[in-house]
$ cat data-v5.txt   # compact mmCIF, C-alpha atoms
# COMPACT_ATOMS: atom_id res chain seq x y z
CA MET A 1 99.98 100.30 92.80
CA THR A 2 99.08 97.50 95.19
CA ARG A 3 98.84 99.75 98.29
CA LYS A 4 100.08 96.97 100.56
CA LEU A 5 101.14 99.50 103.21
CA ASP A 6 97.97 101.57 103.47
CA GLY A 7 97.72 103.21 106.89
CA LYS A 8 101.25 102.23 107.94
CA VAL A 9 103.54 104.83 109.50
CA ALA A 10 107.23 104.62 108.55
CA LEU A 11 110.44 106.23 109.76
CA VAL A 12 113.29 106.38 107.25
CA SER A 13 116.53 107.93 108.47
CA GLY A 14 118.74 109.60 105.89
CA SER A 15 115.89 109.87 103.41
CA GLY A 16 116.63 113.25 101.86
CA ARG A 17 118.80 111.76 99.14
CA GLY A 18 119.92 108.60 97.40
CA ILE A 19 118.86 105.20 98.66
CA GLY A 20 116.91 106.64 101.58
CA ARG A 21 114.85 108.90 99.32
CA ASN A 22 114.02 105.96 97.07
CA ILE A 23 113.04 103.80 100.04
CA ALA A 24 110.70 106.55 101.23
CA LEU A 25 109.17 106.94 97.78
CA LYS A 26 108.65 103.19 97.45
CA LEU A 27 106.92 102.94 100.83
CA ALA A 28 104.80 106.00 100.05
CA SER A 29 103.76 104.53 96.69
CA GLU A 30 102.40 101.55 98.63
CA GLY A 31 100.38 103.78 100.96
CA ALA A 32 102.67 104.39 103.93
CA LYS A 33 102.89 107.74 105.72
CA LEU A 34 106.48 108.87 106.08
CA VAL A 35 108.69 110.70 108.54
CA ILE A 36 111.60 111.98 106.45
CA ASN A 37 114.99 112.70 107.98
CA ASP A 38 118.04 114.53 106.70
CA LEU A 39 120.70 116.82 108.09
CA ASP A 40 119.42 119.65 105.91
CA SER A 41 115.93 120.98 105.23
CA GLU A 42 116.27 121.35 101.45
CA PRO A 43 116.74 117.65 100.51
CA ALA A 44 114.16 116.60 103.08
CA GLU A 45 111.59 118.99 101.64
CA GLU A 46 112.41 117.78 98.13
CA THR A 47 111.63 114.21 99.20
CA ILE A 48 108.40 115.33 100.85
CA ALA A 49 107.37 117.18 97.70
CA LEU A 50 107.98 114.06 95.59
CA ILE A 51 105.89 111.99 98.00
CA ARG A 52 103.05 114.49 97.87
CA GLU A 53 103.18 114.46 94.06
CA ILE A 54 102.22 110.77 94.13
CA GLY A 55 99.44 111.40 96.64
CA GLY A 56 101.36 110.41 99.76
CA GLU A 57 101.76 111.99 103.19
CA ALA A 58 105.08 112.95 104.77
CA VAL A 59 106.61 115.24 107.37
CA ALA A 60 110.22 116.07 108.19
CA CYS A 61 112.32 115.40 111.27
CA LEU A 62 115.61 117.16 110.62
CA GLY A 63 118.82 116.51 112.42
CA ASN A 64 121.88 114.33 112.89
CA VAL A 65 120.95 110.78 113.89
CA THR A 66 123.99 110.66 116.19
CA HIS A 67 122.72 113.40 118.51
CA THR A 68 121.54 112.10 121.85
CA ASP A 69 118.10 113.70 121.58
CA PHE A 70 117.41 112.63 118.00
CA ALA A 71 115.86 109.20 118.53
CA GLU A 72 113.11 110.48 120.82
CA ARG A 73 112.32 113.33 118.40
CA PHE A 74 112.20 110.94 115.44
CA VAL A 75 109.87 108.46 117.09
CA GLY A 76 107.86 111.26 118.68
CA THR A 77 107.25 112.87 115.29
CA ALA A 78 105.62 109.68 114.00
CA VAL A 79 103.37 109.40 117.03
CA GLN A 80 102.42 113.07 117.13
CA GLU A 81 101.83 113.52 113.40
CA PHE A 82 100.42 110.14 112.40
CA LYS A 83 99.37 108.48 115.68
CA GLY A 84 101.30 105.30 115.06
CA LEU A 85 104.55 103.52 114.22
CA ASP A 86 104.77 100.47 111.96
CA ILE A 87 108.01 100.52 109.98
CA ILE A 88 111.52 101.64 110.94
CA ILE A 89 114.28 101.84 108.33
CA ASN A 90 117.72 102.60 109.75
CA ASN A 91 119.37 103.89 106.60
CA ALA A 92 121.37 107.06 107.43
CA GLY A 93 125.06 106.77 106.85
CA TYR A 94 128.26 107.72 105.07
CA THR A 95 131.85 106.48 104.90
CA TRP A 96 135.06 108.01 106.22
CA ASP A 97 137.87 105.74 105.08
CA ASN A 98 141.47 105.20 106.06
CA VAL A 99 143.87 102.34 106.65
CA ILE A 100 144.02 101.36 110.30
CA GLN A 101 147.45 102.87 111.07
CA LYS A 102 146.21 106.26 109.84
CA MET A 103 142.67 106.11 111.18
CA THR A 104 141.91 108.54 113.98
CA ASP A 105 139.67 107.93 116.97
CA GLU A 106 137.35 110.55 115.51
CA GLN A 107 136.97 108.55 112.29
CA TRP A 108 136.43 105.32 114.22
CA TYR A 109 133.75 106.65 116.53
CA ALA A 110 132.03 108.67 113.78
CA MET A 111 131.23 105.44 111.91
CA LEU A 112 130.19 103.49 115.01
CA ASP A 113 128.02 106.39 116.20
CA CYS A 114 126.26 106.77 112.85
CA HIS A 115 125.86 103.17 111.72
CA LEU A 116 125.41 101.33 115.01
CA THR A 117 124.72 103.56 118.01
CA ALA A 118 122.13 105.72 116.20
CA PRO A 119 120.02 102.71 115.08
CA PHE A 120 120.28 101.29 118.60
CA ARG A 121 118.97 104.52 120.10
CA ILE A 122 116.13 104.80 117.57
CA LEU A 123 115.01 101.24 118.26
CA ARG A 124 115.33 101.74 122.02
CA ALA A 125 113.15 104.85 121.80
CA ALA A 126 110.60 102.99 119.68
CA GLN A 127 110.21 100.03 122.04
CA PRO A 128 107.72 101.57 124.50
CA VAL A 129 105.55 102.80 121.62
CA ILE A 130 105.59 99.45 119.83
CA LYS A 131 104.99 97.53 123.06
CA ALA A 132 101.92 99.63 123.92
CA LEU A 133 100.48 99.34 120.42
CA SER A 134 101.12 95.61 120.28
CA LYS A 135 99.52 94.99 123.68
CA SER A 136 96.41 96.93 122.69
CA GLU A 137 96.11 94.95 119.46
CA MET A 138 96.65 91.58 121.09
CA ASP A 139 94.12 92.42 123.81
CA ALA A 140 91.65 93.05 120.99
CA GLY A 141 92.49 89.71 119.41
CA GLN A 142 94.40 91.26 116.50
CA ARG A 143 97.79 90.39 115.07
CA VAL A 144 99.43 93.42 113.49
CA MET A 145 102.95 92.87 112.19
CA ARG A 146 105.53 95.64 112.32
CA LYS A 147 108.79 95.89 110.44
CA VAL A 148 112.34 96.95 111.18
CA VAL A 149 114.89 96.96 108.37
CA ASN A 150 118.47 97.82 109.25
CA ILE A 151 120.92 98.68 106.49
CA SER A 152 124.27 96.91 106.42
CA SER A 153 126.89 96.38 103.72
CA VAL A 154 128.98 93.63 102.21
CA ALA A 155 131.83 95.42 104.02
CA GLY A 156 130.22 94.26 107.25
CA LEU A 157 129.97 90.68 106.01
CA PHE A 158 133.34 90.27 104.26
CA GLY A 159 135.40 93.31 105.28
CA ASN A 160 136.83 95.96 102.98
CA ALA A 161 140.35 97.37 102.98
CA GLY A 162 140.47 100.92 104.29
CA GLN A 163 137.16 100.58 106.12
CA THR A 164 137.83 99.03 109.52
CA ASN A 165 135.48 101.57 111.12
CA TYR A 166 132.64 101.19 108.62
CA SER A 167 133.02 97.41 108.36
CA ALA A 168 132.96 96.98 112.13
CA ALA A 169 129.83 99.12 112.46
CA LYS A 170 128.05 97.31 109.63
CA ALA A 171 128.97 93.93 111.12
CA GLY A 172 127.55 95.15 114.41
CA ILE A 173 124.19 96.04 112.88
CA THR A 174 123.72 92.45 111.73
CA GLY A 175 124.23 91.27 115.32
CA LEU A 176 121.78 93.87 116.58
CA THR A 177 119.28 92.66 113.97
CA MET A 178 119.45 89.02 115.04
CA THR A 179 119.19 89.86 118.72
CA LEU A 180 116.26 92.23 118.33
CA ALA A 181 114.42 89.67 116.21
CA LYS A 182 114.49 87.42 119.29
CA GLU A 183 113.51 90.16 121.72
CA TRP A 184 110.68 91.64 119.62
CA GLY A 185 109.15 88.52 118.14
CA ARG A 186 106.65 88.46 121.01
CA LEU A 187 105.58 91.96 119.93
CA ASN A 188 104.88 90.77 116.38
CA VAL A 189 107.81 92.66 114.91
CA ASN A 190 109.93 91.34 112.03
CA VAL A 191 113.51 92.58 112.32
CA ASN A 192 115.70 92.09 109.26
CA CYS A 193 118.72 93.56 107.53
CA VAL A 194 119.74 94.37 103.96
CA ALA A 195 123.46 94.35 103.10
CA PHE A 196 124.18 96.38 100.00
CA GLY A 197 126.97 95.85 97.55
CA LEU A 198 127.84 98.52 95.01
CA ILE A 199 124.88 100.91 94.69
CA LYS A 200 125.43 103.98 92.53
CA THR A 201 124.78 107.12 94.59
CA ARG A 202 126.61 110.39 95.16
CA LEU A 203 128.82 108.48 97.63
CA THR A 204 130.06 106.25 94.80
CA ASN A 205 130.31 108.86 92.03
CA SER A 206 133.69 109.41 90.43
CA ALA A 207 136.21 110.74 92.94
CA ALA A 208 137.58 112.87 90.10
CA ALA A 209 134.62 115.18 90.60
CA GLY A 210 136.03 116.20 93.96
CA GLU A 211 132.65 116.06 95.68
CA THR A 212 132.45 116.22 99.46
CA ALA A 213 129.73 115.74 102.05
CA ASN A 214 129.49 118.22 104.90
CA ILE A 215 128.86 116.34 108.15
CA GLU A 216 128.58 118.87 110.98
CA GLY A 217 131.35 121.05 109.62
CA ARG A 218 133.59 118.18 108.50
CA GLU A 219 134.12 118.01 104.75
CA ILE A 220 134.25 114.28 104.01
CA LYS A 221 135.54 113.35 100.55
CA VAL A 222 133.14 111.08 98.70
CA GLY A 223 133.45 109.12 95.50
CA VAL A 224 135.35 106.15 94.10
CA ASN A 225 138.31 106.12 91.75
CA PRO A 226 136.91 105.52 88.22
CA GLY A 227 139.36 102.68 87.54
CA LEU A 228 138.47 101.01 90.81
CA MET A 229 134.77 101.43 90.04
CA ALA A 230 135.17 99.70 86.68
CA ALA A 231 137.11 96.86 88.29
CA MET A 232 134.47 96.47 90.99
CA GLU A 233 131.67 96.28 88.42
CA GLN A 234 133.51 93.52 86.55
CA THR A 235 133.36 91.31 89.66
CA ILE A 236 129.55 91.62 89.88
CA PRO A 237 127.76 88.75 88.09
CA LEU A 238 125.11 91.14 86.74
CA GLY A 239 127.92 93.29 85.37
CA ARG A 240 126.96 96.62 86.94
CA GLY A 241 126.30 98.44 90.15
CA GLY A 242 122.75 98.68 91.42
CA THR A 243 120.47 101.70 91.28
CA PRO A 244 118.94 103.40 94.33
CA GLU A 245 115.53 102.21 93.09
CA GLU A 246 116.75 98.60 93.10
CA ALA A 247 118.19 99.07 96.58
CA ALA A 248 114.83 100.38 97.77
CA GLY A 249 113.13 97.33 96.29
CA ALA A 250 115.26 95.03 98.44
CA VAL A 251 114.23 96.93 101.56
CA TYR A 252 110.59 96.85 100.53
CA LEU A 253 110.69 93.05 100.37
CA PHE A 254 110.97 93.05 104.18
CA CYS A 255 108.21 95.65 104.63
CA GLN A 256 105.37 93.96 102.78
CA PRO A 257 102.93 91.49 104.38
CA GLU A 258 104.45 88.57 102.44
CA SER A 259 107.48 88.76 104.76
CA ASP A 260 105.46 88.41 107.98
CA TYR A 261 107.16 85.12 108.93
CA ILE A 262 110.71 86.20 108.05
CA SER A 263 112.81 87.65 110.87
CA GLY A 264 116.43 87.85 111.97
CA GLN A 265 117.74 87.60 108.39
CA THR A 266 120.32 89.51 106.37
CA LEU A 267 119.62 89.78 102.64
CA MET A 268 122.51 90.61 100.31
CA CYS A 269 121.56 93.06 97.54
CA THR A 270 124.71 92.75 95.45
CA GLY A 271 123.87 91.84 91.87
CA GLY A 272 124.92 88.28 92.57
CA LEU A 273 128.23 88.97 94.31
CA THR A 274 128.60 86.45 97.14
CA GLY A 275 132.02 87.40 98.51
CA VAL A 276 134.64 90.09 98.15
$ encode --input "data-v5.txt" --output "structure tokens"
Amino acid sequence: MTRKLDGKVALVSGSGRGIGRNIALKLASEGAKLVINDLDSEPAEETIALIREIGGEAVACLGNVTHTDFAERFVGTAVQEFKGLDIIINNAGYTWDNVIQKMTDEQWYAMLDCHLTAPFRILRAAQPVIKALSKSEMDAGQRVMRKVVNISSVAGLFGNAGQTNYSAAKAGITGLTMTLAKEWGRLNVNVNCVAFGLIKTRLTNSAAAGETANIEGREIKVGVNPGLMAAMEQTIPLGRGGTPEEAAGAVYLFCQPESDYISGQTLMCTGGLTGV
């Protein structure tokens, strides 16, 4: 291990499972201290246990990222437990698909609230903390770079049938990324975005399994038709969907010191797919 993130404090929303868990584990393996978030305590504690197994430090901040009080609790946990804030990964999310003529207002706003409004609130809550830390460091003649990585999707770059809500939210997060890169550059913060293609998680398992995700009492069907999955994989130059570990690696690229002069960018992690 290179330990490039020793002493850094990181927030990772939606880190109890899947891509978020692997992002948290990757950052922890490089020395970062983690605030883990999930709707439920069990997956969050599982992630924390895995981090502790590799010698890392982590605490939980449970709750729905869309709740109005969540952002302040999330940021506050990092400050109270670890006395700092260096990395913010806005990862939490899910899909709730429908064609536009059948999509309800509830479906529309659920995706915008989760994928766009929640990251906005988290970053807004973090600004006073980051500003104070940055001022103190600059007054001492130090340059300490901080990192924000927002998670988007190829659906936000190219659109995807049946996902007007999700695609609109993921397109919005790329605009937020570019704007915040301009606002926070003076604070020595790199703000970037990773747009995922097909990553194999429970959200992309076979729909035949009938799996659902419970989001505040709403049972949201997850999974992809097996035939559609096979067709999708054939369009990927590397010939397969990505793993959560590979997805985490793409996020880590923007967290390490080698990316200190990269900001306002969106990286596609798609196995070579450049359009859909």
$ residues_around --input "data-v5.txt" --residues "Glu258 of chain A" --least-positions-apart "6" --cutoff "12 Å" --atoms "all atoms listed in the file" --output "ChimeraX atom specification"
/A:4-5,145,147,190,252
$ closest_residue --input "data-v5.txt" --among "A:Asn64, A:Thr201, A:Asn150, A:Asn165" --to "Ala181 of chain A" --atoms "all atoms listed in the file"
A:Asn150
$ atom_distance --input "data-v5.txt" --atom1 "atom CA of Val154 of chain A" --atom2 "atom CA of Thr270 of chain A"
8.0 Å
$ residues_around --input "data-v5.txt" --residues "Val99 of chain A" --least-positions-apart "4" --cutoff "7 Å" --atoms "all atoms listed in the file" --output "JSON, numbers by chain"
{"A": [103, 162, 163]}
$ closest_residue --input "data-v5.txt" --among "A:Leu273, A:Val129, A:Leu238, A:Ile173" --to "Lys83 of chain A" --atoms "all atoms listed in the file"
A:Val129
$ residues_around --input "data-v5.txt" --residues "Gly197 of chain A" --least-positions-apart "3" --cutoff "9 Å" --atoms "all atoms listed in the file" --output "ChimeraX atom specification"
/A:153-155,241-242,268-271,273
$ closest_atom_pairs --input "data-v5.txt" --of "segment 84-196 of chain A" --to "segment 27-42 of chain A" --cutoff "10 Å" --atoms "all atoms listed in the file" --output "Markdown table"
| residue | atom | partner | partner_atom | distance |
| --- | --- | --- | --- | --- |
| A:Gly84 | CA | A:Lys33 | CA | 9.8 |
| A:Leu85 | CA | A:Lys33 | CA | 9.6 |
| A:Asp86 | CA | A:Ala32 | CA | 9.2 |
| A:Ile87 | CA | A:Ala32 | CA | 8.9 |
| A:Ile88 | CA | A:Val35 | CA | 9.8 |
| A:Asn91 | CA | A:Asn37 | CA | 9.9 |
| A:Ala92 | CA | A:Asp38 | CA | 8.2 |
$ write_last_selection --input "data-v5.txt" --atoms "C-alpha atoms" --output "compact mmCIF listing (two decimals), in the coordinates of the input"
# COMPACT_ATOMS: atom_id res chain seq x y z
CA GLY A 84 101.30 105.30 115.06
CA LEU A 85 104.55 103.52 114.22
CA ASP A 86 104.77 100.47 111.96
CA ILE A 87 108.01 100.52 109.98
CA ILE A 88 111.52 101.64 110.94
CA ASN A 91 119.37 103.89 106.60
CA ALA A 92 121.37 107.06 107.43
$ closest_residue --input "data-v5.txt" --among "A:Ser15, A:Thr77, A:Asn22, A:Thr274" --to "Phe158 of chain A" --atoms "all atoms listed in the file"
A:Thr274
$ closest_residue --input "data-v5.txt" --among "A:Glu137, A:Glu81, A:Glu245, A:Asp260" --to "Asn192 of chain A" --atoms "all atoms listed in the file"
A:Asp260
